[in-house]
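Since the structure comes first, as structure tokens, the remarks are kept for the end.
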Amino acid sequence: MRSKAHLAGQPAPYRIMFVCLGNICRSPAAEGILKAMIQQRDLEGKLAVDSAGTASYHIGKLPDSRMIEAAARRGYLLASKAKAFTKAMISERDIVIAMDRENYSEILRIAGGQQGNVKLLSDFLDASWPRDVPDPYYGGEAGFEYVLDMLEAAGPKILGEPKILGE
Ligand code: 4NP
């Protein structure tokens, strides 16, 4: 169990990882948005955020330029480089948040079974939102905007999770 100790200054950041398929659209946007919200709330040092993809075809790449541009219009900097999700990452993160149900199943397959710390992004949203963050890769600009809308709605709920701040 985590305690409140790290709030007193101990170096025990709560580790959050977002996972999608390619790690160039949805999960890097989630990472960039959550990092901005963390900065706005003066929570740096208490949380560590990164992202990965269940597929390896974009490893080392910056996010898709369409997502970089859509995020920049809202003031978010996306600067992560794509990496592939590995089994070890499950135990090295406190929570792993999948963008859609396919990502979720892939995470469990890679991890070798059910893991209590794997969630869906929509677990942090009310039922007016879809279960899956739609993959914008093969669509138009509106798809990227919709992903950002969804992530901006979920961010404060993720940061509001009592265990994330050690409460
Ligand atoms: P992401 O989007 O999973 O949100 O990063 C995709 C990126 C690339 C591909 C599919 C989805 N692709 O097929 O290359």
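Following the order of the structure tokens, first chain is A, next is B, and so on, with residues numbered from 1 inside each chain and ligands from 1 in the order they appear.
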
- Item | Expected answer as a count of residues only: residues within 9 Å of ligand 1, only C-alpha atoms and all ligand atoms | 29

- Query: Got a sec to tell me which of stretch 85-157 of chain A DSSP assigns to alpha helix (DSSP H), as a ChimeraX atom specification?
  - Reply: /A:87-91,101-111,141-157

How would the residues just chosen look if you wrote them out with N, CA and C atoms as an mmCIF file, in the first residue's frame?
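Saved file result-v6.cif follows:
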data_model
loop_
_atom_site.group_PDB
_atom_site.id
_atom_site.type_symbol
_atom_site.label_atom_id
_atom_site.label_comp_id
_atom_site.auth_asym_id
_atom_site.auth_seq_id
_atom_site.Cartn_x
_atom_site.Cartn_y
_atom_site.Cartn_z
ATOM 1 N N LYS A 87 6.070 -6.548 -20.867
ATOM 2 C CA LYS A 87 5.545 -7.157 -19.647
ATOM 3 C C LYS A 87 6.090 -6.481 -18.388
ATOM 4 N N ALA A 88 7.365 -6.149 -18.394
ATOM 5 C CA ALA A 88 7.984 -5.547 -17.199
ATOM 6 C C ALA A 88 7.327 -4.220 -16.833
ATOM 7 N N MET A 89 6.778 -3.536 -17.832
ATOM 8 C CA MET A 89 6.197 -2.208 -17.560
ATOM 9 C C MET A 89 5.015 -2.282 -16.603
ATOM 10 N N ILE A 90 4.305 -3.404 -16.591
ATOM 11 C CA ILE A 90 3.145 -3.549 -15.700
ATOM 12 C C ILE A 90 3.560 -3.377 -14.238
ATOM 13 N N SER A 91 4.602 -4.087 -13.849
ATOM 14 C CA SER A 91 4.992 -4.019 -12.435
ATOM 15 C C SER A 91 5.801 -2.764 -12.124
ATOM 16 N N ARG A 101 -10.574 -1.107 -25.621
ATOM 17 C CA ARG A 101 -10.669 -2.479 -25.108
ATOM 18 C C ARG A 101 -9.701 -3.425 -25.797
ATOM 19 N N GLU A 102 -9.364 -3.095 -27.035
ATOM 20 C CA GLU A 102 -8.378 -3.920 -27.741
ATOM 21 C C GLU A 102 -7.000 -3.740 -27.095
ATOM 22 N N ASN A 103 -6.637 -2.490 -26.807
ATOM 23 C CA ASN A 103 -5.368 -2.236 -26.115
ATOM 24 C C ASN A 103 -5.357 -2.962 -24.770
ATOM 25 N N TYR A 104 -6.499 -2.914 -24.084
ATOM 26 C CA TYR A 104 -6.623 -3.536 -22.758
ATOM 27 C C TYR A 104 -6.341 -5.042 -22.847
ATOM 28 N N SER A 105 -6.980 -5.702 -23.828
ATOM 29 C CA SER A 105 -6.764 -7.148 -23.989
ATOM 30 C C SER A 105 -5.320 -7.459 -24.346
ATOM 31 N N GLU A 106 -4.729 -6.624 -25.196
ATOM 32 C CA GLU A 106 -3.330 -6.831 -25.594
ATOM 33 C C GLU A 106 -2.401 -6.686 -24.382
ATOM 34 N N ILE A 107 -2.682 -5.705 -23.551
ATOM 35 C CA ILE A 107 -1.869 -5.500 -22.337
ATOM 36 C C ILE A 107 -1.914 -6.761 -21.483
ATOM 37 N N LEU A 108 -3.115 -7.306 -21.295
ATOM 38 C CA LEU A 108 -3.240 -8.517 -20.464
ATOM 39 C C LEU A 108 -2.562 -9.706 -21.129
ATOM 40 N N ARG A 109 -2.635 -9.778 -22.452
ATOM 41 C CA ARG A 109 -1.957 -10.867 -23.162
ATOM 42 C C ARG A 109 -0.436 -10.760 -22.967
ATOM 43 N N ILE A 110 0.093 -9.547 -23.143
ATOM 44 C CA ILE A 110 1.541 -9.333 -23.001
ATOM 45 C C ILE A 110 1.961 -9.577 -21.552
ATOM 46 N N ALA A 111 1.104 -9.154 -20.630
ATOM 47 C CA ALA A 111 1.441 -9.287 -19.205
ATOM 48 C C ALA A 111 1.237 -10.711 -18.692
ATOM 49 N N GLU A 141 -9.472 15.393 -39.179
ATOM 50 C CA GLU A 141 -9.100 16.264 -38.067
ATOM 51 C C GLU A 141 -10.056 16.155 -36.877
ATOM 52 N N ALA A 142 -11.343 15.975 -37.177
ATOM 53 C CA ALA A 142 -12.329 15.917 -36.093
ATOM 54 C C ALA A 142 -12.036 14.774 -35.130
ATOM 55 N N GLY A 143 -11.477 13.690 -35.651
ATOM 56 C CA GLY A 143 -11.151 12.551 -34.798
ATOM 57 C C GLY A 143 -10.079 12.888 -33.782
ATOM 58 N N PHE A 144 -9.118 13.691 -34.192
ATOM 59 C CA PHE A 144 -8.058 14.097 -33.266
ATOM 60 C C PHE A 144 -8.623 15.027 -32.191
ATOM 61 N N GLU A 145 -9.513 15.912 -32.616
ATOM 62 C CA GLU A 145 -10.142 16.824 -31.653
ATOM 63 C C GLU A 145 -10.978 16.046 -30.635
ATOM 64 N N TYR A 146 -11.678 15.032 -31.130
ATOM 65 C CA TYR A 146 -12.522 14.249 -30.223
ATOM 66 C C TYR A 146 -11.664 13.513 -29.183
ATOM 67 N N VAL A 147 -10.538 12.952 -29.630
ATOM 68 C CA VAL A 147 -9.623 12.283 -28.692
ATOM 69 C C VAL A 147 -9.176 13.280 -27.615
ATOM 70 N N LEU A 148 -8.816 14.488 -28.035
ATOM 71 C CA LEU A 148 -8.361 15.495 -27.070
ATOM 72 C C LEU A 148 -9.480 15.876 -26.101
ATOM 73 N N ASP A 149 -10.705 15.980 -26.618
ATOM 74 C CA ASP A 149 -11.855 16.280 -25.741
ATOM 75 C C ASP A 149 -11.974 15.216 -24.659
ATOM 76 N N MET A 150 -11.878 13.970 -25.095
ATOM 77 C CA MET A 150 -12.043 12.841 -24.160
ATOM 78 C C MET A 150 -10.932 12.843 -23.110
ATOM 79 N N LEU A 151 -9.716 13.069 -23.558
ATOM 80 C CA LEU A 151 -8.575 13.049 -22.641
ATOM 81 C C LEU A 151 -8.621 14.228 -21.670
ATOM 82 N N GLU A 152 -9.068 15.385 -22.169
ATOM 83 C CA GLU A 152 -9.175 16.546 -21.275
ATOM 84 C C GLU A 152 -10.249 16.323 -20.215
ATOM 85 N N ALA A 153 -11.293 15.582 -20.569
ATOM 86 C CA ALA A 153 -12.349 15.288 -19.586
ATOM 87 C C ALA A 153 -11.860 14.280 -18.548
ATOM 88 N N ALA A 154 -11.056 13.320 -18.996
ATOM 89 C CA ALA A 154 -10.607 12.262 -18.070
ATOM 90 C C ALA A 154 -9.484 12.716 -17.139
ATOM 91 N N GLY A 155 -8.648 13.636 -17.603
ATOM 92 C CA GLY A 155 -7.455 14.027 -16.837
ATOM 93 C C GLY A 155 -7.741 14.391 -15.384
ATOM 94 N N PRO A 156 -8.664 15.327 -15.142
ATOM 95 C CA PRO A 156 -8.934 15.714 -13.746
ATOM 96 C C PRO A 156 -9.478 14.552 -12.915
ATOM 97 N N LYS A 157 -10.207 13.628 -13.554
ATOM 98 C CA LYS A 157 -10.735 12.473 -12.825
ATOM 99 C C LYS A 157 -9.591 11.534 -12.446
#

Contacts of stretch 75-81 of chain A within 7 Å, only C-alpha atoms, excl. fewer than 4 positions in-chain, as a PDB file with N, CA and C atoms, in the first residue's frame:
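Result file is part.pdb:
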ATOM      1  N   PRO A  28       0.325   9.317 -26.470  1.00  0.00           N
ATOM      2  CA  PRO A  28       1.194  10.471 -26.247  1.00  0.00           C
ATOM      3  C   PRO A  28       0.398  11.737 -25.944  1.00  0.00           C
ATOM      4  N   ALA A  29      -0.818  11.842 -26.538  1.00  0.00           N
ATOM      5  CA  ALA A  29      -1.664  12.999 -26.222  1.00  0.00           C
ATOM      6  C   ALA A  29      -2.114  12.933 -24.766  1.00  0.00           C
ATOM      7  N   GLY A  32       0.824  14.010 -22.658  1.00  0.00           N
ATOM      8  CA  GLY A  32       1.075  15.454 -22.704  1.00  0.00           C
ATOM      9  C   GLY A  32       0.026  16.239 -21.924  1.00  0.00           C
ATOM     10  N   ILE A  33      -1.234  15.820 -22.051  1.00  0.00           N
ATOM     11  CA  ILE A  33      -2.319  16.522 -21.358  1.00  0.00           C
ATOM     12  C   ILE A  33      -2.191  16.326 -19.846  1.00  0.00           C
ATOM     13  N   ALA A  36       0.584  18.403 -18.425  1.00  0.00           N
ATOM     14  CA  ALA A  36       0.215  19.820 -18.306  1.00  0.00           C
ATOM     15  C   ALA A  36      -0.676  20.044 -17.089  1.00  0.00           C
ATOM     16  N   GLY A  60      10.433   4.880 -31.440  1.00  0.00           N
ATOM     17  CA  GLY A  60      11.416   5.952 -31.622  1.00  0.00           C
ATOM     18  C   GLY A  60      10.864   7.198 -32.285  1.00  0.00           C
ATOM     19  N   LYS A  61       9.621   7.098 -32.799  1.00  0.00           N
ATOM     20  CA  LYS A  61       9.064   8.258 -33.514  1.00  0.00           C
ATOM     21  C   LYS A  61       8.380   9.239 -32.574  1.00  0.00           C
ATOM     22  N   LEU A  62       8.393  10.512 -32.976  1.00  0.00           N
ATOM     23  CA  LEU A  62       7.579  11.515 -32.297  1.00  0.00           C
ATOM     24  C   LEU A  62       6.115  11.230 -32.618  1.00  0.00           C
ATOM     25  N   PRO A  63       5.186  11.821 -31.851  1.00  0.00           N
ATOM     26  CA  PRO A  63       3.769  11.623 -32.184  1.00  0.00           C
ATOM     27  C   PRO A  63       3.449  12.075 -33.615  1.00  0.00           C
ATOM     28  N   ILE A  68       0.232  16.254 -32.909  1.00  0.00           N
ATOM     29  CA  ILE A  68       1.078  17.329 -32.355  1.00  0.00           C
ATOM     30  C   ILE A  68       0.407  18.681 -32.590  1.00  0.00           C
ATOM     31  N   ALA A  71      -2.929  19.166 -30.598  1.00  0.00           N
ATOM     32  CA  ALA A  71      -2.630  19.379 -29.174  1.00  0.00           C
ATOM     33  C   ALA A  71      -2.023  20.762 -28.964  1.00  0.00           C
TER      34      ALA A  71
END

- Task: In Å, rounded to a single decimal, give me how far atom CA of A:Ile97 is from atom CA of A:Arg74.
- Result: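 Those two atoms sit 22.4 Å apart.
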
- Would you list, as a ChimeraX atom specification, the residues of chain A that end up in strand (DSSP E) under DSSP run on this structure's backbone? /A:14-20,47-53,95-98,118-120

- Task: Determine, counting only C-alpha atoms, which protein, DNA and RNA residues have an atom within 10 Å of an atom of A:Gly116; residues of the same chain fewer than 5 positions away are not included. Present the result as a ChimeraX atom specification.
- Result: /A:90,94-96

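Comparing the minimum interatomic distances between A:Ser122 and each of A:Ala12, A:Arg93, A:Lys163, A:Ile158, counting only C-alpha atoms, we find that A:Ile158 sits nearest.
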